[in-house]
Each structure stands twice: as C-alpha cells, then as structure tokens.
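Enquirer: I'd like to ask you about the structure that follows.
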Amino acid sequence: MSFSHISVEPLTPTIGGIIHGVDLNAVKNPAVYEEIKQALWKHGVIFFRNQPIKPEAYLNLGRVFGEPEKHEFFPHVEGFPQIQKISHQGYSKPDTDRWHHDVSFRKSPTLVSILRANQLPQSGGDTMWMNCARAFEELGPGLQSLLLGVEAVHDLPWSFRKNDNYATIAEMNGVDRLEYELDMIRKSPEMAHPAIVNHPVTKKLTLYVNSIWTRKLRGIHPDLSDALLAMLFEWVKKPEFMCRFRWEQDSIAIWDNLATQHYAVFDYAPHYREMLRMTAGNFTPELDRATVPAEMVPASWHSSPSAQRALDSIVDKSRLAQSSPQERAAVGAIFEALDRVDLDALAARAKR
Ligand SMILES: O=C(O)CCC(=O)C(=O)O
Ligand SMILES: [Fe+2]
C-alpha cells in the first residue's frame with residue numbers, strides 16, 4: 001500500500017506503524033484522514049509523535065471513525081463529554097494492566113480507540129498491543145476449527161465483581177456503590193459473540209476472547225472452557241504478536257479494537273499518569289462461514305440445526321410415506337449427498 005499524504009514506519013513486521021508528515025491540528029484535506037484510516041487497518045495500531053492537539057481537532061480525528069461516544073464508566077474532560085480522562089496515581093492497580101479488547105461486553109463494541117499522553121511519569125507507563133488475527137492464524141487447523149464452532153460470553157458485571165471494581169469505579173463517579181452495581185447488572189447483560197469473528201473491514205478471521213471480559217466459551221464443558229480460555233490468554237502474550245510503545249508528551253495512539261488487544265504497563269507507581277481517551281465507530285462481531293477455509297470448518301457445521309430446518313421445509317413427508325421403494329432410495333441418496341454440503345455457507349452466499 002502506498003500513501004501520498006503520510007508516511008508510515010512499521011514498528012514491527014506484525015503490528016504497529018509510526019505515522020510521519022502530519023500536523024493533526026491542521027488537517028484540511030480529507031484524503032489525509034483517509035490514509036490514516038488505511039494505515040490503521042493495515043498495522044492494527046498507529047502512532048503519532050509531538051501532536052499538542054486541541055480538543056476540537058482531537059474530536060475531528062475521532063470523527064474519522066464514527067461519532068465519538070460517551071463511555072460507561074470513565075470520567076471526562078470538562079466541556080467535552082466524548083474526551084475521557086484516564087489518570088492514575090499511587091500503588092493500587094489501574095485494571096488495564098491485563099490483555100483486553102475494550103468493551104467486548106457490548107452488543108456492538110467500539111471499533112477504534114484513541115489515546116493521547118497528557119501527563120507522563122518520568123519513565124514507565126508504556127502501552128503494549130498484540131495482533132489477534134495473527135494469534136488466530138498461528139493456532140493451527142485443529143484449534144482453529146474448535147474455536148470457529150463456539151461462542152464466547154463477555155460479561156461486565158461478572159468481571160467487575162471478580163476484580164472488586166465496583167467500589168473504586170462508583171467512588172470515581174461519585175455514586176452509591178450498590179446502586180451502581182445494580183445499574184450495571186441491568187444495563188449490561190452477558191453478551192455472546194462468536195469466539196472467532198471476521199474483521200468488518202479486512203474480513204480477516206480474528207480471535208475475539210480476552211482476559212478482562214470473557215467469562216466462558218459456550219457449547220463445551222465448563223471445565224474445558226476454563227482451560228481453553230486460560231490457554232488462549234497465555235497464547236496472546238507471545239512476543240512475536242506484540243509491539244510496545246514508549247509514550248512521550250503529546251504522543252497519540254489509535255488502535256483497531258477488534259484486530260488488537262492491549263495492555264497498559266503499570267510500572268510507574270506511585271507517580272501520576274494522565275491520558276486523554278476517545279472511542280468511535282462500532283462493529284457487530286460476526287462470523288461469515290463462507291470465509292472459513294475448508295480445512296478449518298468445524299464438524300458441527302455439516303449438520304447444523306438450520307441445515308436440518310432447511311431439509312424439513314423442502315421434504316413433503318406425507319407424499320414420501322406413499323412413495324415406491326425406488327423413489328425412497330432416490331430421496332435417500334439425495335439426503336446422503338446433502339449431508340456433505342454446508343447448507344449454511346450456501347445460504348450465506350446466496351444472500352450476498
Ligand atoms: O492507559 C493505557 O495506556 C491504556 C488504557 C486502556 O486500556 C484503554 O485506554 O483502553
Ligand atoms: Fe483498554
């Protein structure tokens with residue numbers, strides 16, 4: 001891919017690109033934003049240095065990806081409800097020092113997150129990202145096929161309870177702890193997404209489970225779900241999938257919140273660190289079976305319930321009861337042939 005308005009320096013071959021040649025306070029040509037977008041889909045996370053960006057220009061950058069949104073629980077900058085302030089001081093953990101996708105507990109999670117360094121400790125406080133499509137690619141056909149056949153449950157109230165987050169977040173927002181917990185339970189019921197989803201832009205098959213929000217895999221024994229998730233949460237930590245960014249004052253990072261997971265390194269206690277955050281654009285996590293290579297297709301797809309329903313609707317059973325042995329044999333042969341056809345994939349293709 002070549003760019004005419006920006007230049008991109010890859011941070012690693014797998015993930016991360018540093019963008020040069022843009023002043024984000026003074027972008028006039030929409031083609032610049034378009035190239036920034038393309039660089040993001042290609043590299044998963046992109047970085048800018050020395051961008052003392054004003055709130056209006058920051059919002060414009062967010063709007064490239066959709067309308068910047070208000071977050072469930074982060075406080076925001078005075079006068080700009082879309083710009084969230086994430087600050088941390090002291091020894092208590094900030095809870096972002098685990099690998100995660102942001103807000104995977106939503107029906108339609110955010111596609112793009114943006115962070116700007118506002119106040120940094122003298123050293124430390126780096127952020128790391130990893131490439132989830134690569135993590136899926138490297139699993140091999142056995143595990144790929146298993147994961148393609150299951151759904152993952154993402155659960156905010158479960159995660160907050162498990163990690164004892166309610167008290168701190170309620171205090172941060174100045175609300176009663178119990179009311180806050182009840183409100184969260186009401187607003188965020190558990191959410192199932194396919195464990196592997198297609199990226200909405202690149203269509204790549206992408207691992208979509210993470211260690212903060214994913215509670216279990218559906219359709220397999222709970223013990224096996226725990227073990228598999230533990231294995232996957234280890235797998236995403238492979239250094240080959242990762243990059244690490246050392247922040248400077250006014251650095252900006254933009255990441256693709258499906259293609260990557262991130263981890264905020266907490267090594268700067270008790271010093272202060274403050275970031276300005278914005279999120280924009282949504283996607284609905286979906287898996288298009290037609291994009292799955294034959295060697296990864298889970299066995300369960302060959303006789304899925306919807307394939308069964310399709311068969312039932314085309315067979316006239318009362319007529320079959322009166323048919324001759326030859327006719328029955330012919331229908332049997334057709335059924336046998338149909339067993340080998342992936343009807344869901346055919347139906348999906350017919351819809352396009
Ligand atoms: O503080 C950071 O570097 C990242 C925190 C985080 O997880 C986020 O902003 O979504
Ligand atoms: Fe995050």
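In the structure tokens, each chain is lettered A, B, ... as it comes, each chain's residues begin at 1, and ligands are numbered from 1 in order of appearance.
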Ligand 1: which residues are within 8 Å, counting only C-alpha atoms and all ligand atoms? Reply as a list in words.

Expert: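 Here is the list of contacting residues: Ile86, Ser87, Thr96, Asp97, His100, His101, Asp102, Ser113, Ile114, Leu115, Gly125, Asp126, Thr127, Met128, His262, Tyr263, Ala264, Val265, Glu274, Met275 and Arg277 of chain A.
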
Enquirer: Near stretch 223-231 of chain A, counting only C-alpha atoms, which residues have an atom at most 10 Å away, once you skip same-chain residues fewer than 5 positions from it, shown as a list in words?

Expert: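 Residues meeting the cut-off are Leu143, Leu147, Ala152, Val209, Asn210, Ser211, Thr214, Arg215, Lys216, Leu217, Arg218 and Val236 of chain A.
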
Enquirer: Please dump the current selection as a short mmCIF file (atom, residue, chain, number, x, y, z; two decimals), in the first residue's frame; keep all heavy atoms.

Expert:
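Final file, again_2.cif:
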```cif
data_model
loop_
_atom_site.label_atom_id
_atom_site.label_comp_id
_atom_site.auth_asym_id
_atom_site.auth_seq_id
_atom_site.Cartn_x
_atom_site.Cartn_y
_atom_site.Cartn_z
N LEU A 143 -7.13 -26.42 16.48
CA LEU A 143 -7.68 -25.45 17.42
C LEU A 143 -8.54 -24.41 16.71
O LEU A 143 -9.54 -23.93 17.24
CB LEU A 143 -6.54 -24.75 18.19
CG LEU A 143 -5.92 -25.61 19.29
CD1 LEU A 143 -4.63 -24.99 19.80
CD2 LEU A 143 -6.91 -25.77 20.44
N LEU A 147 -12.39 -23.56 17.76
CA LEU A 147 -12.82 -22.22 18.19
C LEU A 147 -13.85 -21.61 17.23
O LEU A 147 -14.71 -20.84 17.65
CB LEU A 147 -11.61 -21.30 18.33
CG LEU A 147 -10.70 -21.66 19.50
CD1 LEU A 147 -9.41 -20.89 19.44
CD2 LEU A 147 -11.41 -21.41 20.83
N ALA A 152 -18.32 -17.13 22.60
CA ALA A 152 -17.72 -16.71 23.86
C ALA A 152 -18.68 -15.74 24.55
O ALA A 152 -19.30 -14.90 23.89
CB ALA A 152 -16.39 -16.03 23.60
N VAL A 209 -11.54 -13.25 22.08
CA VAL A 209 -11.74 -13.51 23.51
C VAL A 209 -10.65 -12.75 24.25
O VAL A 209 -9.55 -12.58 23.71
CB VAL A 209 -11.65 -15.02 23.88
CG1 VAL A 209 -12.75 -15.81 23.18
CG2 VAL A 209 -10.29 -15.60 23.55
N ASN A 210 -10.94 -12.27 25.43
CA ASN A 210 -9.90 -11.52 26.17
C ASN A 210 -10.02 -11.71 27.67
O ASN A 210 -11.09 -12.06 28.18
CB ASN A 210 -9.95 -10.03 25.78
CG ASN A 210 -11.19 -9.35 26.29
OD1 ASN A 210 -11.27 -8.95 27.44
ND2 ASN A 210 -12.21 -9.22 25.43
N SER A 211 -8.93 -11.45 28.38
CA SER A 211 -8.84 -11.88 29.78
C SER A 211 -9.59 -10.98 30.75
O SER A 211 -9.76 -11.34 31.91
CB SER A 211 -7.38 -12.00 30.20
OG SER A 211 -6.77 -10.73 30.17
N THR A 214 -14.05 -11.81 28.97
CA THR A 214 -14.61 -13.09 28.51
C THR A 214 -14.74 -14.07 29.67
O THR A 214 -13.73 -14.42 30.31
CB THR A 214 -13.75 -13.71 27.40
OG1 THR A 214 -13.51 -12.71 26.41
CG2 THR A 214 -14.47 -14.89 26.76
N ARG A 215 -15.97 -14.50 29.94
CA ARG A 215 -16.23 -15.36 31.10
C ARG A 215 -16.14 -16.84 30.74
O ARG A 215 -15.60 -17.63 31.50
CB ARG A 215 -17.62 -15.06 31.67
CG ARG A 215 -18.01 -15.93 32.84
CD ARG A 215 -19.02 -15.23 33.72
NE ARG A 215 -20.26 -14.99 33.02
CZ ARG A 215 -21.31 -15.81 33.05
NH1 ARG A 215 -21.26 -16.93 33.74
NH2 ARG A 215 -22.41 -15.51 32.43
N LYS A 216 -16.69 -17.21 29.58
CA LYS A 216 -16.70 -18.65 29.25
C LYS A 216 -16.93 -18.86 27.76
O LYS A 216 -17.38 -17.94 27.06
CB LYS A 216 -17.79 -19.37 30.04
CG LYS A 216 -19.18 -18.88 29.71
CD LYS A 216 -20.23 -19.66 30.48
CE LYS A 216 -21.62 -19.14 30.11
NZ LYS A 216 -22.69 -19.62 30.92
N LEU A 217 -16.63 -20.07 27.32
CA LEU A 217 -16.97 -20.48 25.96
C LEU A 217 -18.23 -21.32 26.08
O LEU A 217 -18.33 -22.18 26.97
CB LEU A 217 -15.84 -21.30 25.34
CG LEU A 217 -14.51 -20.56 25.17
CD1 LEU A 217 -13.42 -21.50 24.70
CD2 LEU A 217 -14.66 -19.39 24.18
N ARG A 218 -19.18 -21.06 25.20
CA ARG A 218 -20.44 -21.79 25.23
C ARG A 218 -20.36 -23.03 24.36
O ARG A 218 -19.68 -23.04 23.35
CB ARG A 218 -21.52 -20.92 24.62
CG ARG A 218 -22.50 -20.44 25.61
CD ARG A 218 -23.62 -19.75 24.86
NE ARG A 218 -24.27 -18.81 25.75
CZ ARG A 218 -25.08 -17.85 25.34
NH1 ARG A 218 -25.29 -17.68 24.05
NH2 ARG A 218 -25.64 -17.05 26.20
N VAL A 236 -1.96 -15.28 23.62
CA VAL A 236 -1.91 -13.90 23.08
C VAL A 236 -0.70 -13.13 23.62
O VAL A 236 -0.38 -12.06 23.11
CB VAL A 236 -3.20 -13.10 23.37
CG1 VAL A 236 -4.41 -13.75 22.73
CG2 VAL A 236 -3.43 -12.89 24.86
#
```

Enquirer: Find the residues around A:Ser108 up to 8 Å (only C-alpha atoms counted), leave out those fewer than 5 positions away in its own chain, and share them as a list of chain:residue names.

Expert: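 Returned residues: A:Asn282, A:Phe283, A:Thr284, A:Pro285.
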
Enquirer: Suppose we keep N, CA and C atoms; can you now write the selection as a tab-separated table (two decimals), in the first residue's frame?

Expert:
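The resulting out18.tsv:
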```tsv
chain	number	residue	atom	x	y	z
A	282	ASN	N	-18.45	1.57	15.58
A	282	ASN	CA	-18.89	0.32	16.20
A	282	ASN	C	-18.85	-0.80	15.17
A	283	PHE	N	-18.82	-2.02	15.68
A	283	PHE	CA	-18.95	-3.17	14.79
A	283	PHE	C	-19.79	-4.22	15.51
A	284	THR	N	-20.45	-5.08	14.73
A	284	THR	CA	-21.17	-6.19	15.33
A	284	THR	C	-20.34	-7.43	15.09
A	285	PRO	N	-19.86	-8.08	16.18
A	285	PRO	CA	-18.98	-9.24	15.99
A	285	PRO	C	-19.73	-10.38	15.30
```

Enquirer: Taking only C-alpha atoms into account, which of A:Glu190, A:Glu35, A:Glu138, A:Asp95 comes nearest A:Asn163?

Expert: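 When distances to A:Asn163 are compared using only C-alpha atoms, the smallest one comes from A:Asp95.
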
Enquirer: Name the residues of stretch 89-121 of chain A that fall into strand (DSSP E) according to DSSP on the backbone, using the chain letters and numbers of this document, as a PyMOL selection string.

Expert: chain A and resi 110-119

Enquirer: Output all heavy atoms for every residue in that selection, as a PDB file, in the first residue's frame.

Expert:
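The resulting file, out-v1.pdb, is reproduced below:
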```pdb
ATOM      1  N   THR A 110     -16.939  -0.918  20.405  1.00  0.00           N
ATOM      2  CA  THR A 110     -16.226   0.153  19.705  1.00  0.00           C
ATOM      3  C   THR A 110     -15.191  -0.438  18.759  1.00  0.00           C
ATOM      4  O   THR A 110     -14.485  -1.379  19.115  1.00  0.00           O
ATOM      5  CB  THR A 110     -15.439   0.962  20.746  1.00  0.00           C
ATOM      6  OG1 THR A 110     -16.342   1.366  21.744  1.00  0.00           O
ATOM      7  CG2 THR A 110     -14.780   2.154  20.118  1.00  0.00           C
ATOM      8  N   LEU A 111     -15.064   0.152  17.589  1.00  0.00           N
ATOM      9  CA  LEU A 111     -14.051  -0.344  16.657  1.00  0.00           C
ATOM     10  C   LEU A 111     -12.695   0.354  16.842  1.00  0.00           C
ATOM     11  O   LEU A 111     -11.650  -0.246  16.659  1.00  0.00           O
ATOM     12  CB  LEU A 111     -14.533  -0.190  15.210  1.00  0.00           C
ATOM     13  CG  LEU A 111     -13.628  -0.796  14.151  1.00  0.00           C
ATOM     14  CD1 LEU A 111     -13.353  -2.270  14.412  1.00  0.00           C
ATOM     15  CD2 LEU A 111     -14.223  -0.628  12.758  1.00  0.00           C
ATOM     16  N   VAL A 112     -12.744   1.633  17.225  1.00  0.00           N
ATOM     17  CA  VAL A 112     -11.475   2.372  17.290  1.00  0.00           C
ATOM     18  C   VAL A 112     -11.338   3.106  18.628  1.00  0.00           C
ATOM     19  O   VAL A 112     -12.274   3.768  19.076  1.00  0.00           O
ATOM     20  CB  VAL A 112     -11.388   3.382  16.119  1.00  0.00           C
ATOM     21  CG1 VAL A 112     -10.140   4.242  16.229  1.00  0.00           C
ATOM     22  CG2 VAL A 112     -11.401   2.637  14.784  1.00  0.00           C
ATOM     23  N   SER A 113     -10.181   2.974  19.257  1.00  0.00           N
ATOM     24  CA  SER A 113      -9.881   3.718  20.476  1.00  0.00           C
ATOM     25  C   SER A 113      -8.657   4.594  20.228  1.00  0.00           C
ATOM     26  O   SER A 113      -7.747   4.215  19.488  1.00  0.00           O
ATOM     27  CB  SER A 113      -9.583   2.775  21.644  1.00  0.00           C
ATOM     28  OG  SER A 113     -10.682   1.930  21.909  1.00  0.00           O
ATOM     29  N   ILE A 114      -8.672   5.780  20.839  1.00  0.00           N
ATOM     30  CA  ILE A 114      -7.581   6.741  20.636  1.00  0.00           C
ATOM     31  C   ILE A 114      -7.101   7.218  22.000  1.00  0.00           C
ATOM     32  O   ILE A 114      -7.905   7.435  22.905  1.00  0.00           O
ATOM     33  CB  ILE A 114      -8.081   7.952  19.805  1.00  0.00           C
ATOM     34  CG1 ILE A 114      -8.788   7.468  18.540  1.00  0.00           C
ATOM     35  CG2 ILE A 114      -6.929   8.889  19.469  1.00  0.00           C
ATOM     36  CD1 ILE A 114      -9.342   8.581  17.667  1.00  0.00           C
ATOM     37  N   LEU A 115      -5.800   7.364  22.139  1.00  0.00           N
ATOM     38  CA  LEU A 115      -5.239   7.793  23.417  1.00  0.00           C
ATOM     39  C   LEU A 115      -4.178   8.840  23.141  1.00  0.00           C
ATOM     40  O   LEU A 115      -3.397   8.721  22.191  1.00  0.00           O
ATOM     41  CB  LEU A 115      -4.604   6.574  24.083  1.00  0.00           C
ATOM     42  CG  LEU A 115      -4.656   6.407  25.591  1.00  0.00           C
ATOM     43  CD1 LEU A 115      -6.075   6.532  26.117  1.00  0.00           C
ATOM     44  CD2 LEU A 115      -4.087   5.040  25.971  1.00  0.00           C
ATOM     45  N   ARG A 116      -4.177   9.869  23.982  1.00  0.00           N
ATOM     46  CA  ARG A 116      -3.147  10.900  23.862  1.00  0.00           C
ATOM     47  C   ARG A 116      -2.484  11.056  25.222  1.00  0.00           C
ATOM     48  O   ARG A 116      -3.171  11.118  26.247  1.00  0.00           O
ATOM     49  CB  ARG A 116      -3.812  12.208  23.448  1.00  0.00           C
ATOM     50  CG  ARG A 116      -2.855  13.340  23.453  1.00  0.00           C
ATOM     51  CD  ARG A 116      -3.542  14.680  23.410  1.00  0.00           C
ATOM     52  NE  ARG A 116      -2.655  15.601  24.101  1.00  0.00           N
ATOM     53  CZ  ARG A 116      -2.928  16.831  24.384  1.00  0.00           C
ATOM     54  NH1 ARG A 116      -4.085  17.338  24.070  1.00  0.00           N
ATOM     55  NH2 ARG A 116      -2.052  17.573  25.004  1.00  0.00           N
ATOM     56  N   ALA A 117      -1.155  11.120  25.236  1.00  0.00           N
ATOM     57  CA  ALA A 117      -0.441  11.260  26.508  1.00  0.00           C
ATOM     58  C   ALA A 117      -0.489  12.720  26.940  1.00  0.00           C
ATOM     59  O   ALA A 117      -0.032  13.607  26.228  1.00  0.00           O
ATOM     60  CB  ALA A 117       1.007  10.809  26.339  1.00  0.00           C
ATOM     61  N   ASN A 118      -1.075  12.949  28.136  1.00  0.00           N
ATOM     62  CA  ASN A 118      -1.232  14.320  28.620  1.00  0.00           C
ATOM     63  C   ASN A 118      -0.236  14.639  29.726  1.00  0.00           C
ATOM     64  O   ASN A 118       0.343  15.713  29.759  1.00  0.00           O
ATOM     65  CB  ASN A 118      -2.663  14.497  29.142  1.00  0.00           C
ATOM     66  CG  ASN A 118      -3.110  15.929  29.078  1.00  0.00           C
ATOM     67  OD1 ASN A 118      -2.717  16.648  28.162  1.00  0.00           O
ATOM     68  ND2 ASN A 118      -3.919  16.346  30.028  1.00  0.00           N
ATOM     69  N   GLN A 119      -0.053  13.672  30.622  1.00  0.00           N
ATOM     70  CA  GLN A 119       0.946  13.855  31.680  1.00  0.00           C
ATOM     71  C   GLN A 119       1.567  12.499  31.974  1.00  0.00           C
ATOM     72  O   GLN A 119       0.847  11.540  32.279  1.00  0.00           O
ATOM     73  CB  GLN A 119       0.272  14.378  32.947  1.00  0.00           C
ATOM     74  CG  GLN A 119       0.860  15.693  33.416  1.00  0.00           C
ATOM     75  CD  GLN A 119       0.150  16.174  34.670  1.00  0.00           C
ATOM     76  OE1 GLN A 119      -1.014  16.573  34.605  1.00  0.00           O
ATOM     77  NE2 GLN A 119       0.815  16.092  35.790  1.00  0.00           N
TER      78      GLN A 119
END
```

Enquirer: Quick one: pull the distance between atom CA of A:Ile19 and atom CA of A:Phe47, Å, one decimal.

Expert: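 Value for the atom CA of A:Ile19-atom CA of A:Phe47 distance: 5.9 Å.
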